[in-house]
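**Student:** Coordinates in start10.txt, compact mmCIF, C-alpha atoms, are listed below.
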```txt
# COMPACT_ATOMS: atom_id res chain seq x y z
CA MET V 23 186.69 -8.62 40.29
CA LYS V 24 184.88 -11.87 39.65
CA GLY V 25 182.34 -14.03 41.42
CA LYS V 26 179.02 -15.82 41.21
CA VAL V 27 175.46 -14.99 42.23
CA ALA V 28 172.98 -17.66 43.34
CA PHE V 29 170.00 -18.35 45.55
CA ALA V 30 170.49 -20.41 48.72
CA ASP V 31 169.31 -23.57 46.91
CA GLY V 32 171.99 -23.13 44.23
CA THR V 33 169.70 -21.96 41.43
CA VAL V 34 170.67 -18.85 39.50
CA PRO V 35 168.55 -15.70 39.10
CA THR V 36 168.21 -14.58 35.49
CA PRO V 37 168.79 -11.86 34.58
CA PHE V 38 170.60 -9.71 37.11
CA THR V 39 173.14 -6.89 37.18
CA VAL V 40 176.31 -6.32 39.17
CA GLY V 41 178.15 -3.07 39.57
CA VAL V 42 179.98 -0.55 41.68
CA GLY V 43 178.93 3.05 42.20
CA PHE V 44 176.28 4.15 39.74
CA THR V 45 177.34 1.73 36.97
CA GLN V 46 175.60 -1.63 36.59
CA GLU V 47 176.58 -4.43 34.16
CA PRO V 48 173.96 -6.97 32.97
CA VAL V 49 174.75 -10.65 33.59
CA ALA V 50 173.03 -13.56 31.87
CA SER V 51 175.48 -16.44 32.45
CA LYS V 52 173.98 -19.86 33.10
CA ASP V 53 176.01 -20.43 36.27
CA GLY V 54 175.64 -16.88 37.64
CA SER V 55 179.29 -15.99 37.14
CA PHE V 56 180.39 -12.42 36.45
CA GLU V 57 183.55 -10.36 36.02
CA LEU V 58 184.19 -6.60 36.23
CA GLY V 59 187.42 -5.22 34.79
CA ALA V 60 189.48 -2.01 34.69
CA LEU V 61 188.91 -1.22 38.37
CA PRO V 62 191.37 1.01 40.26
CA PRO V 63 192.62 -0.81 43.38
CA ARG V 64 190.49 -0.01 46.47
CA THR V 65 187.51 -1.36 48.42
CA TYR V 66 184.21 -1.31 46.54
CA GLN V 67 180.58 -1.73 47.52
CA LEU V 68 179.44 -4.34 44.98
CA ILE V 69 175.69 -4.12 44.34
CA VAL V 70 173.65 -7.02 42.92
CA ARG V 71 170.21 -6.20 41.49
CA GLY V 72 167.59 -8.13 39.53
CA PRO V 73 163.83 -8.44 38.97
CA GLN V 74 163.69 -11.73 40.90
CA ILE V 75 165.91 -10.76 43.84
CA ASP V 76 166.22 -8.42 46.75
CA GLN V 77 169.13 -6.04 46.18
CA LYS V 78 172.31 -7.04 48.00
CA THR V 79 175.52 -5.10 48.70
CA VAL V 80 178.86 -6.64 49.68
CA ALA V 81 182.27 -5.04 50.28
CA VAL V 82 185.06 -6.30 47.98
CA GLU V 83 188.70 -5.18 48.11
CA VAL V 84 190.41 -5.01 44.71
CA LYS V 85 194.23 -5.17 44.73
CA GLU V 86 196.55 -3.90 42.04
CA GLY V 87 197.37 -6.42 39.31
CA GLU V 88 195.10 -9.14 40.77
CA VAL V 89 191.71 -10.64 39.98
CA THR V 90 189.79 -10.56 43.25
CA ASP V 91 187.35 -13.44 43.71
CA ALA V 92 184.24 -12.27 45.58
CA GLY V 93 183.13 -15.91 45.86
CA THR V 94 179.49 -16.91 45.66
CA ILE V 95 177.14 -14.12 46.66
CA THR V 96 173.95 -15.62 48.02
CA VAL V 97 170.82 -13.55 47.31
CA SER V 98 167.17 -13.97 48.29
CA LYS V 99 163.91 -13.53 46.45
CA GLY V 100 163.00 -11.01 49.09
CA ARG V 101 159.60 -9.72 49.92
CA THR V 102 156.51 -10.59 47.86
CA ILE V 103 153.26 -8.66 47.53
CA ALA V 104 150.10 -9.79 45.75
CA GLY V 105 146.51 -8.77 45.14
CA LYS V 106 144.08 -7.75 42.43
CA VAL V 107 143.11 -4.73 40.36
CA VAL V 108 139.44 -3.79 39.95
CA PHE V 109 137.35 -1.17 38.16
CA GLN V 110 133.88 -0.47 39.55
CA GLY V 111 134.21 -3.69 41.52
CA ASN V 112 135.11 -5.91 38.56
CA PRO V 113 138.55 -7.54 38.00
CA VAL V 114 140.72 -5.90 35.34
CA ALA V 115 143.03 -7.95 33.13
CA GLY V 116 146.05 -6.35 31.51
CA ALA V 117 146.53 -3.63 34.12
CA THR V 118 150.09 -2.59 34.93
CA VAL V 119 151.05 -2.66 38.61
CA LEU V 120 154.14 -0.79 39.79
CA ALA V 121 155.67 -1.24 43.25
CA GLY V 122 158.76 0.21 44.81
CA ARG V 123 160.39 2.50 47.29
CA GLN V 124 159.71 5.54 45.09
CA ILE V 125 157.13 5.91 42.33
CA PHE V 126 158.35 8.74 40.11
CA GLY V 127 156.34 9.63 37.04
CA THR V 128 155.55 12.36 34.52
CA GLY V 129 152.40 14.26 33.67
CA SER V 130 150.99 11.23 31.89
CA SER V 131 152.90 8.15 33.11
CA ASN V 132 153.91 6.36 36.30
CA THR V 133 157.49 6.10 35.05
CA ALA V 134 159.80 8.98 34.25
CA ASN V 135 162.63 7.79 31.99
CA PHE V 136 165.13 10.53 32.75
CA GLY V 137 167.75 11.31 35.37
CA GLY V 138 167.37 13.55 38.38
CA GLY V 139 164.57 11.69 40.10
CA PRO V 140 164.38 10.76 43.76
CA PRO V 141 166.69 8.03 45.13
CA GLY V 142 165.06 4.59 45.25
CA ARG V 143 163.12 4.63 42.03
CA SER V 144 165.65 2.47 40.13
CA ASN V 145 164.64 -0.69 42.03
CA ASN V 146 160.92 -0.62 41.21
CA ARG V 147 159.13 -3.82 40.17
CA GLU V 148 156.36 -4.17 37.60
CA ALA V 149 153.69 -6.81 36.87
CA THR V 150 150.66 -7.24 34.59
CA THR V 151 147.37 -8.58 35.94
CA ASP V 152 146.03 -11.91 34.64
CA GLU V 153 142.50 -12.65 33.43
CA HIS V 154 141.31 -12.58 37.06
CA GLY V 155 142.88 -9.20 37.73
CA ALA V 156 145.50 -10.83 39.96
CA PHE V 157 149.16 -9.87 40.27
CA THR V 158 152.26 -10.93 42.22
CA ILE V 159 155.48 -8.93 42.61
CA SER V 160 158.61 -10.29 44.31
CA GLY V 161 162.14 -9.07 44.94
CA LEU V 162 161.06 -6.09 47.04
CA GLY V 163 163.39 -4.86 49.75
CA PRO V 164 162.74 -4.41 53.48
CA ALA V 165 161.59 -0.77 53.29
CA ASP V 166 158.05 0.54 53.00
CA VAL V 167 156.82 0.35 49.40
CA THR V 168 154.30 2.32 47.37
CA VAL V 169 152.00 0.51 44.92
CA VAL V 170 149.92 1.89 42.04
CA ALA V 171 148.00 0.34 39.14
CA GLU V 172 147.03 1.73 35.75
CA HIS V 173 145.02 0.69 32.70
CA PRO V 174 144.73 2.75 29.49
CA ASP V 175 140.92 2.43 29.37
CA HIS V 176 140.02 2.61 33.07
CA GLY V 177 142.55 5.05 34.54
CA ARG V 178 144.82 4.83 37.56
CA SER V 179 144.46 3.78 41.18
CA PRO V 180 145.33 6.18 43.98
CA ALA V 181 148.74 5.10 45.27
CA ILE V 182 148.84 3.13 48.49
CA ARG V 183 151.73 2.77 50.89
CA LEU V 184 152.56 -0.57 52.49
CA GLN V 185 154.42 -0.16 55.73
CA ARG V 186 157.01 -2.82 56.36
CA GLY V 187 155.56 -5.80 58.22
CA VAL V 188 151.84 -5.31 57.53
CA SER V 189 149.87 -8.55 57.50
CA ASP V 190 147.75 -7.99 54.38
CA GLU V 191 150.34 -7.23 51.71
CA ARG V 192 149.30 -10.36 49.77
CA ALA V 193 145.65 -9.30 49.66
CA ILE V 194 145.96 -5.82 48.14
CA VAL V 195 143.01 -4.36 46.23
CA LEU V 196 143.85 -1.52 43.82
CA ALA V 197 140.72 0.24 42.56
CA LEU V 198 141.10 2.06 39.25
CA ALA V 199 139.36 5.39 38.66
CA GLY V 200 139.26 7.77 35.71
CA PHE V 201 142.14 10.18 35.29
CA GLY V 202 141.96 13.78 36.44
CA SER V 203 144.22 16.64 35.37
CA LEU V 204 146.05 19.45 37.14
CA VAL V 205 147.11 22.82 35.75
CA GLY V 206 148.58 26.02 37.14
CA LYS V 207 151.18 28.74 36.87
CA ALA V 208 154.44 29.29 38.77
CA THR V 209 155.79 32.78 39.37
CA ASP V 210 158.80 34.29 41.10
CA ALA V 211 160.11 37.81 41.74
CA GLN V 212 160.87 38.29 38.03
CA GLY V 213 157.43 37.12 36.85
CA PRO V 214 156.64 33.76 35.19
CA ALA V 215 158.95 31.00 36.46
CA ALA V 216 159.94 29.32 33.20
CA ASP V 217 161.66 25.91 33.01
CA THR V 218 160.83 25.12 36.64
CA ILE V 219 160.17 21.56 37.81
CA ILE V 220 156.67 21.14 39.29
CA THR V 221 156.02 18.07 41.45
CA ALA V 222 152.69 16.55 42.48
CA GLN V 223 153.17 14.33 45.54
CA SER V 224 150.40 12.15 46.94
CA VAL V 225 149.55 13.24 50.48
CA THR V 226 148.49 9.73 51.54
CA ALA V 227 151.28 7.79 49.78
CA TYR V 228 154.13 10.27 49.97
CA ASN V 229 156.54 8.16 47.90
CA ALA V 230 154.36 8.63 44.81
CA MET V 231 155.55 11.75 43.00
CA TYR V 232 155.03 13.09 39.49
CA SER V 233 156.83 15.94 37.76
CA VAL V 234 156.54 18.24 34.75
CA ALA V 235 158.33 21.44 33.72
CA THR V 236 156.79 24.87 33.25
CA GLY V 237 156.74 26.54 29.86
CA PRO V 238 158.09 30.01 28.97
CA ASP V 239 154.98 31.61 30.52
CA GLY V 240 155.34 29.65 33.78
CA THR V 241 152.34 27.41 33.13
CA TYR V 242 152.31 23.64 33.65
CA ARG V 243 149.94 20.73 33.14
CA PHE V 244 149.57 17.15 34.42
CA ASP V 245 147.37 15.33 31.90
CA LYS V 246 146.86 12.11 33.86
CA LEU V 247 146.72 11.85 37.64
CA ALA V 248 144.82 9.48 39.89
CA PRO V 249 142.03 11.07 41.94
CA ASP V 250 143.84 12.03 45.15
CA THR V 251 145.04 14.96 47.22
CA TYR V 252 148.48 16.23 46.21
CA LYS V 253 151.16 18.49 47.61
CA VAL V 254 152.02 20.57 44.55
CA SER V 255 155.45 22.21 44.58
CA ALA V 256 157.82 24.27 42.52
CA MET V 257 161.06 22.35 43.07
CA LEU V 258 164.43 24.07 42.92
CA GLY V 259 167.73 22.17 43.08
CA MET V 260 168.43 18.48 42.51
CA PRO V 261 168.42 15.25 44.54
CA MET V 262 171.80 14.63 46.23
CA ARG V 263 172.56 18.36 45.98
CA GLY V 264 169.70 19.75 48.01
CA MET V 265 166.09 20.46 47.06
CA THR V 266 163.73 23.32 47.92
CA PHE V 267 159.95 23.05 47.59
CA HIS V 268 157.57 26.03 47.41
CA SER V 269 154.22 24.34 47.89
CA THR V 270 150.44 24.43 47.94
CA ARG V 271 147.77 21.71 47.93
CA ALA V 272 145.29 20.50 45.30
CA THR V 273 142.59 17.81 45.11
CA VAL V 274 142.27 15.99 41.78
CA VAL V 275 138.90 14.46 40.82
CA SER V 276 138.24 11.96 38.02
CA GLY V 277 137.26 13.61 34.76
CA LYS V 278 137.90 17.13 36.03
CA GLU V 279 140.67 19.71 35.90
CA ALA V 280 142.12 21.02 39.16
CA ARG V 281 144.22 24.17 39.44
CA ALA V 282 147.14 25.10 41.71
CA ASP V 283 149.19 28.27 41.24
CA LEU V 284 152.60 28.56 42.89
CA ALA V 285 154.70 31.49 44.07
CA VAL V 286 158.46 31.10 44.56
CA GLN V 287 159.43 33.52 47.33
CA LYS V 288 163.06 34.07 48.29
CA GLY V 289 164.70 36.09 51.04
CA ASP V 290 168.23 37.22 51.88
CA VAL V 291 168.97 35.19 55.03
CA SER V 292 170.96 31.95 55.31
CA LEU V 293 170.81 29.37 58.09
CA THR V 294 173.66 26.91 58.75
CA VAL V 295 172.66 23.71 60.54
CA THR V 296 175.18 21.67 62.54
CA ALA V 297 174.40 18.29 64.09
CA LYS V 298 175.98 17.11 67.33
CA ALA V 299 175.63 13.54 68.63
CA GLU V 300 175.34 12.75 72.33
CA ASN V 301 176.50 9.16 71.93
CA GLY V 302 179.27 9.17 69.34
CA GLU V 303 180.49 10.78 66.14
CA PHE V 304 177.94 12.21 63.73
CA LYS V 305 179.01 10.80 60.34
CA GLY V 306 176.11 12.04 58.29
CA GLY V 307 172.41 11.84 57.64
CA PHE V 308 169.78 14.13 56.23
CA ALA V 309 168.25 17.39 57.36
CA TRP V 310 164.87 19.01 56.65
CA LEU V 311 164.01 22.68 57.05
CA PHE V 312 160.28 23.48 57.17
CA SER V 313 158.44 26.76 57.39
CA GLY V 314 156.18 26.67 60.46
CA ALA V 315 156.01 24.17 63.30
CA VAL V 316 156.85 20.60 62.20
CA THR V 317 157.92 17.60 64.23
CA GLY V 318 158.26 13.84 63.73
CA ALA V 319 159.94 11.07 65.72
CA THR V 320 161.08 8.99 62.72
CA GLY V 321 161.98 9.44 59.09
CA ARG V 322 158.62 7.89 58.19
CA ALA V 323 156.68 10.36 60.34
CA LEU V 324 158.73 13.26 59.04
CA SER V 325 158.19 12.31 55.38
CA ALA V 326 154.46 11.99 55.99
CA ARG V 327 154.41 15.38 57.68
CA ALA V 328 156.33 16.94 54.80
CA ALA V 329 153.83 15.57 52.27
CA ALA V 330 150.92 16.82 54.39
CA GLN V 331 152.28 20.37 54.43
CA GLU V 332 149.45 22.47 52.99
CA GLY V 333 151.66 25.34 51.88
CA GLY V 334 154.86 27.20 52.57
CA MET V 335 158.42 26.07 52.00
CA SER V 336 160.55 23.02 52.78
CA LYS V 337 164.19 22.19 52.03
CA LEU V 338 165.98 18.84 52.12
CA GLU V 339 169.77 18.47 52.37
CA ILE V 340 172.03 15.43 52.79
CA MET V 341 174.70 15.96 55.46
CA PHE V 342 177.60 14.21 53.72
CA GLY V 343 180.40 13.24 56.10
CA GLY V 344 178.62 14.90 59.00
CA ARG V 345 179.38 18.36 57.64
CA PRO V 346 177.05 21.29 58.34
CA VAL V 347 174.55 22.33 55.66
CA THR V 348 173.49 25.85 54.81
CA TYR V 349 169.99 26.82 53.71
CA GLY V 350 169.92 30.04 51.71
CA ASP V 351 167.32 32.48 50.36
CA LEU V 352 165.24 32.42 53.56
CA LEU V 353 162.59 34.93 54.55
CA PRO V 354 162.35 35.91 58.24
CA GLY V 355 159.88 33.75 60.15
CA ALA V 356 159.30 30.60 62.19
CA TYR V 357 160.94 27.39 60.95
CA SER V 358 161.62 23.84 62.08
CA VAL V 359 164.88 21.94 61.56
CA CYS V 360 164.79 18.11 61.69
CA VAL V 361 167.89 15.88 61.47
CA SER V 362 168.30 12.09 61.21
CA ALA V 363 171.70 10.43 61.65
CA ILE V 364 173.03 7.26 60.02
CA PRO V 365 174.52 4.47 62.20
CA ALA V 366 178.22 4.52 63.03
CA GLU V 367 178.77 1.26 61.10
CA VAL V 368 177.54 2.75 57.80
CA ALA V 369 180.20 4.36 55.63
CA GLY V 370 179.52 7.34 53.41
CA GLY V 371 178.82 7.47 49.68
CA MET V 372 176.78 4.71 48.08
CA GLN V 373 176.63 2.63 51.28
CA ALA V 374 174.98 5.53 53.11
CA MET V 375 172.53 6.16 50.26
CA THR V 376 171.61 2.46 50.11
CA TYR V 377 171.06 2.42 53.87
CA LEU V 378 168.87 5.53 53.74
CA GLU V 379 166.87 3.98 50.91
CA ARG V 380 166.20 0.79 52.85
CA HIS V 381 166.00 2.03 56.45
CA GLY V 382 165.48 5.78 56.28
CA ASP V 383 161.84 5.42 57.39
CA GLU V 384 162.94 3.91 60.69
CA LEU V 385 165.73 6.34 61.54
CA PRO V 386 164.99 8.51 64.61
CA ALA V 387 164.40 12.18 63.79
CA PHE V 388 165.28 15.12 66.03
CA CYS V 389 163.47 18.41 65.44
CA LYS V 390 164.07 21.90 66.77
CA PRO V 391 162.14 25.16 66.25
CA VAL V 392 164.14 28.07 64.84
CA ALA V 393 163.22 31.74 64.60
CA VAL V 394 164.92 33.27 61.57
CA THR V 395 165.25 37.02 61.93
CA ALA V 396 165.91 39.71 59.32
CA GLN V 397 169.45 40.23 60.66
CA PRO V 398 172.15 39.02 60.65
CA ALA V 399 172.26 37.74 57.08
CA ALA V 400 174.02 34.50 58.16
CA GLN V 401 172.57 32.61 61.12
CA GLN V 402 173.32 29.27 62.77
CA VAL V 403 171.61 26.54 64.77
CA GLU V 404 172.82 23.27 66.32
CA VAL V 405 170.62 20.17 66.58
CA THR V 406 171.42 17.44 69.10
CA VAL V 407 170.87 13.91 67.75
CA GLU V 408 171.49 10.31 68.77
CA ILE V 409 173.42 7.83 66.63
CA PRO V 410 170.97 4.94 65.99
CA PRO V 411 171.77 1.22 66.01
CA ASN V 412 172.60 -0.41 62.69
CA LEU V 413 169.45 -2.13 61.38
CA PRO V 414 170.00 -5.43 59.52
CA ASP V 415 168.21 -6.08 56.25
```
Produce structure tokens that represent the structure in this file.
**Tutor:**
Amino acid sequence: MKGKVAFADGTVPTPFTVGVGFTQEPVASKDGSFELGALPPRTYQLIVRGPQIDQKTVAVEVKEGEVTDAGTITVSKGRTIAGKVVFQGNPVAGATVLAGRQIFGTGSSNTANFGGGPPGRSNNREATTDEHGAFTISGLGPADVTVVAEHPDHGRSPAIRLQRGVSDERAIVLALAGFGSLVGKATDAQGPAADTIITAQSVTAYNAMYSVATGPDGTYRFDKLAPDTYKVSAMLGMPMRGMTFHSTRATVVSGKEARADLAVQKGDVSLTVTAKAENGEFKGGFAWLFSGAVTGATGRALSARAAAQEGGMSKLEIMFGGRPVTYGDLLPGAYSVCVSAIPAEVAGGMQAMTYLERHGDELPAFCKPVAVTAQPAAQQVEVTVEIPPNLPD
């Protein structure tokens, strides 16, 4: 497969990457030309990414024994945000500003350089403030973005979330404050929950999440967090394969240590969720299971409600190909199931994941209360959904 990448005016973004699936190849040619080899013949979703551009995906059919010319792929510089970083009201030079669909960090950094993080974090953009504390970041996609700033001497700003279409996203003010810390212990039925991922998710900017792992005694520590309120969870499972969160809430204050202990409680009941569409074929989407009464009309509202959950349990599953999902290890009690469907025009695999990343906030959500009883051990529920229209980028 070969082709070229350019802006509408004919200029070439440098650098950028092209790829199919999860593999991306860097391109630095002067004319924007690229070539990918050793591809089995089939139709691919070719993804173009770069620090100056908004990600773009095009379908390209590769035939056996031929070099398929994808032509010139026209990209845009996408959305731009701008603003300044301050500390105690004064501009801060040399601060790092990070913006993207998903901020995913560690116990001491805004960036976690390892696999297994939430979808969307790979397209984040970064900038450094000038002598006036000002910054500009371009190439952001159409989805809501989360923005955070940090400086080694002054601390970190609480993350803020910019909903798509707001009028002031070029006049952002990020106020730094001294770091706080968070410690605690996770336990399960066997005692200390060793080697368990602990996440701290901002309640106000729910796409800002930080993670550490517990030690042999089940204890954990976040050394550097912005002052904020966090949903603190013991996370079981992995993104794309289903995640379970056993949660509580903690408030972190600058210069102080907060504490949040977690208990992983499992039962013996399973619940299988099936989605049925009133207006077409259900091809897939995602499904939440919450303990207690939870509802939300959109993916955005549902994600906010999940982050605001003060305690209890939540589970997230992707309904690949429209197939039912089964939630295991449930205790008897009151739950809520919420399902969002992808449009009929969106195929599965990477195309579905890209669509969820860019438009998941706007997908309609359909919630239903469920009473899980002690018996039988395997229970079922069906949720009626509507297939939404395909939203353009």
**Student:** Just checking: using all atoms listed in the file, which residue out of V:Pro249, V:Pro35, V:Gly355, V:Gly111 ends up closest to Pro48 in chain V?
**Tutor:** V:Pro35
**Student:** Between V:Thr320, V:Thr266, V:Thr294, V:Asn135, single out the one closest to Gly334 in chain V, counting all atoms listed in the file.
**Tutor:**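 Ranking V:Thr320, V:Thr266, V:Thr294, V:Asn135 by distance to Gly334 in chain V, first place goes to V:Thr266.
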**Student:** Have a look at V:Asn412, V:Thr209, V:Gln77, V:Asn146 and name the one nearest to Gly237 in chain V; count all atoms listed in the file.
**Tutor:**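 Among V:Asn412, V:Thr209, V:Gln77, V:Asn146, it is V:Thr209 that comes nearest to Gly237 in chain V.
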**Student:** Taking into account all atoms listed in the file, which residue in the set V:Ala193, V:Leu68, V:Ala81, V:Leu338 is nearest to Val42 in chain V?
**Tutor:**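 Closest residue, counting all atoms listed in the file: V:Leu68.
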**Student:** Between CA of Gln74 in chain V and CA of Gly41 in chain V, what is the spacing in Å?
**Tutor:**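 The value is 16.9 Å.
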**Student:** Give the answer as one residue: which of V:Glu379, V:Glu57, V:Glu279, V:Asp250 has the shortest atom-to-atom distance to Gln124 in chain V, using all atoms listed in the file?
**Tutor:**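 Closest to Gln124 in chain V of all the choices is V:Glu379.
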**Student:** Can you list, as a short mmCIF file (atom, residue, chain, number, x, y, z; two decimals) with C-alpha atoms, in the frame of the given file, every protein, DNA or RNA residue that comes within 12 Å of Gly213 in chain V when you count all atoms listed in the file, leaving out same-chain residues fewer than 5 positions away?
**Tutor:**
```cif
data_model
loop_
_atom_site.label_atom_id
_atom_site.label_comp_id
_atom_site.auth_asym_id
_atom_site.auth_seq_id
_atom_site.Cartn_x
_atom_site.Cartn_y
_atom_site.Cartn_z
CA LYS V 207 151.18 28.74 36.87
CA ALA V 208 154.44 29.29 38.77
CA PRO V 238 158.09 30.01 28.97
CA ASP V 239 154.98 31.61 30.52
CA GLY V 240 155.34 29.65 33.78
CA THR V 241 152.34 27.41 33.13
CA LEU V 284 152.60 28.56 42.89
CA ALA V 285 154.70 31.49 44.07
CA VAL V 286 158.46 31.10 44.56
CA GLN V 287 159.43 33.52 47.33
#
```
**Student:** Given only C-alpha atoms as the basis, pick out the residue of V:Ala330, V:Ala297, V:Ala156, V:Ala165 nearest to Thr226 in chain V.
**Tutor:** V:Ala330
**Student:** Quick one: residues within 8 Å of range 307-309 of chain V, only C-alpha atoms, excluding same-chain residues fewer than 3 positions away - as a list in words?
**Tutor:**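 Once the nearby chain positions are removed, what remains is Leu338, Glu339, Ile340, Met341, Phe342, Gly344, Val359, Cys360, Val361, Ser362, Ala363 and Ile364 of chain V.
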**Student:** What does the structure give for the distance between CA of Gln401 in chain V and CA of Pro346 in chain V, in Å to one decimal?
**Tutor:**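 Taking CA of Gln401 in chain V as the start and CA of Pro346 in chain V as the end point, the length is 12.5 Å.
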**Student:** In Å, rounded to a single decimal, give me how far CA of Glu384 in chain V is from CA of Ile182 in chain V.
**Tutor:** 18.7 Å
**Student:** Residues at most 7 Å from Ile125 in chain V, counting all atoms listed in the file, excluding those fewer than 4 positions away in the same chain, as a compact mmCIF listing (two decimals) with C-alpha atoms, in the coordinates of the input?
**Tutor:**
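Here's the written file part12.txt:
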```txt
# COMPACT_ATOMS: atom_id res chain seq x y z
CA ASN V 132 153.91 6.36 36.30
CA ARG V 143 163.12 4.63 42.03
CA THR V 168 154.30 2.32 47.37
CA ASN V 229 156.54 8.16 47.90
CA ALA V 230 154.36 8.63 44.81
CA MET V 231 155.55 11.75 43.00
```
**Student:** Excluding same-chain residues fewer than 4 positions from Ala149 in chain V, what lies within 7 Å of it counting only C-alpha atoms, as an MDAnalysis selection string?
**Tutor:** chainID V and resid 118:120 157:159
**Student:** Export C-alpha atoms of the chosen residues as a PDB file, in the coordinates of the input?
**Tutor:**
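The resulting part.pdb:
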```pdb
ATOM      1  CA  THR V 118     150.090  -2.590  34.930  1.00  0.00           C
ATOM      2  CA  VAL V 119     151.050  -2.660  38.610  1.00  0.00           C
ATOM      3  CA  LEU V 120     154.140  -0.790  39.790  1.00  0.00           C
ATOM      4  CA  PHE V 157     149.160  -9.870  40.270  1.00  0.00           C
ATOM      5  CA  THR V 158     152.260 -10.930  42.220  1.00  0.00           C
ATOM      6  CA  ILE V 159     155.480  -8.930  42.610  1.00  0.00           C
TER       7      ILE V 159
END
```
**Student:** Counting all atoms listed in the file, what is within 10 Å of Ala366 in chain V, bar same-chain residues fewer than 3 positions away, as a CSV table (one decimal) with C-alpha atoms, in the frame of the given file?
**Tutor:**
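Output file selection.csv follows:
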```csv
chain,number,residue,atom,x,y,z
V,302,GLY,CA,179.3,9.2,69.3
V,303,GLU,CA,180.5,10.8,66.1
V,304,PHE,CA,177.9,12.2,63.7
V,305,LYS,CA,179.0,10.8,60.3
V,306,GLY,CA,176.1,12.0,58.3
V,363,ALA,CA,171.7,10.4,61.6
V,369,ALA,CA,180.2,4.4,55.6
V,409,ILE,CA,173.4,7.8,66.6
V,410,PRO,CA,171.0,4.9,66.0
V,411,PRO,CA,171.8,1.2,66.0
V,412,ASN,CA,172.6,-0.4,62.7
```
**Student:** Please return, as number ranges by chain, all polymer residues that have at least one atom within 10 Å of the point (161.8, 19.7, 50.5); use all atoms listed in the file and the file's own coordinate frame.
**Tutor:** V: 255, 257-259, 261, 264-269, 309-312, 325, 328-329, 335-339
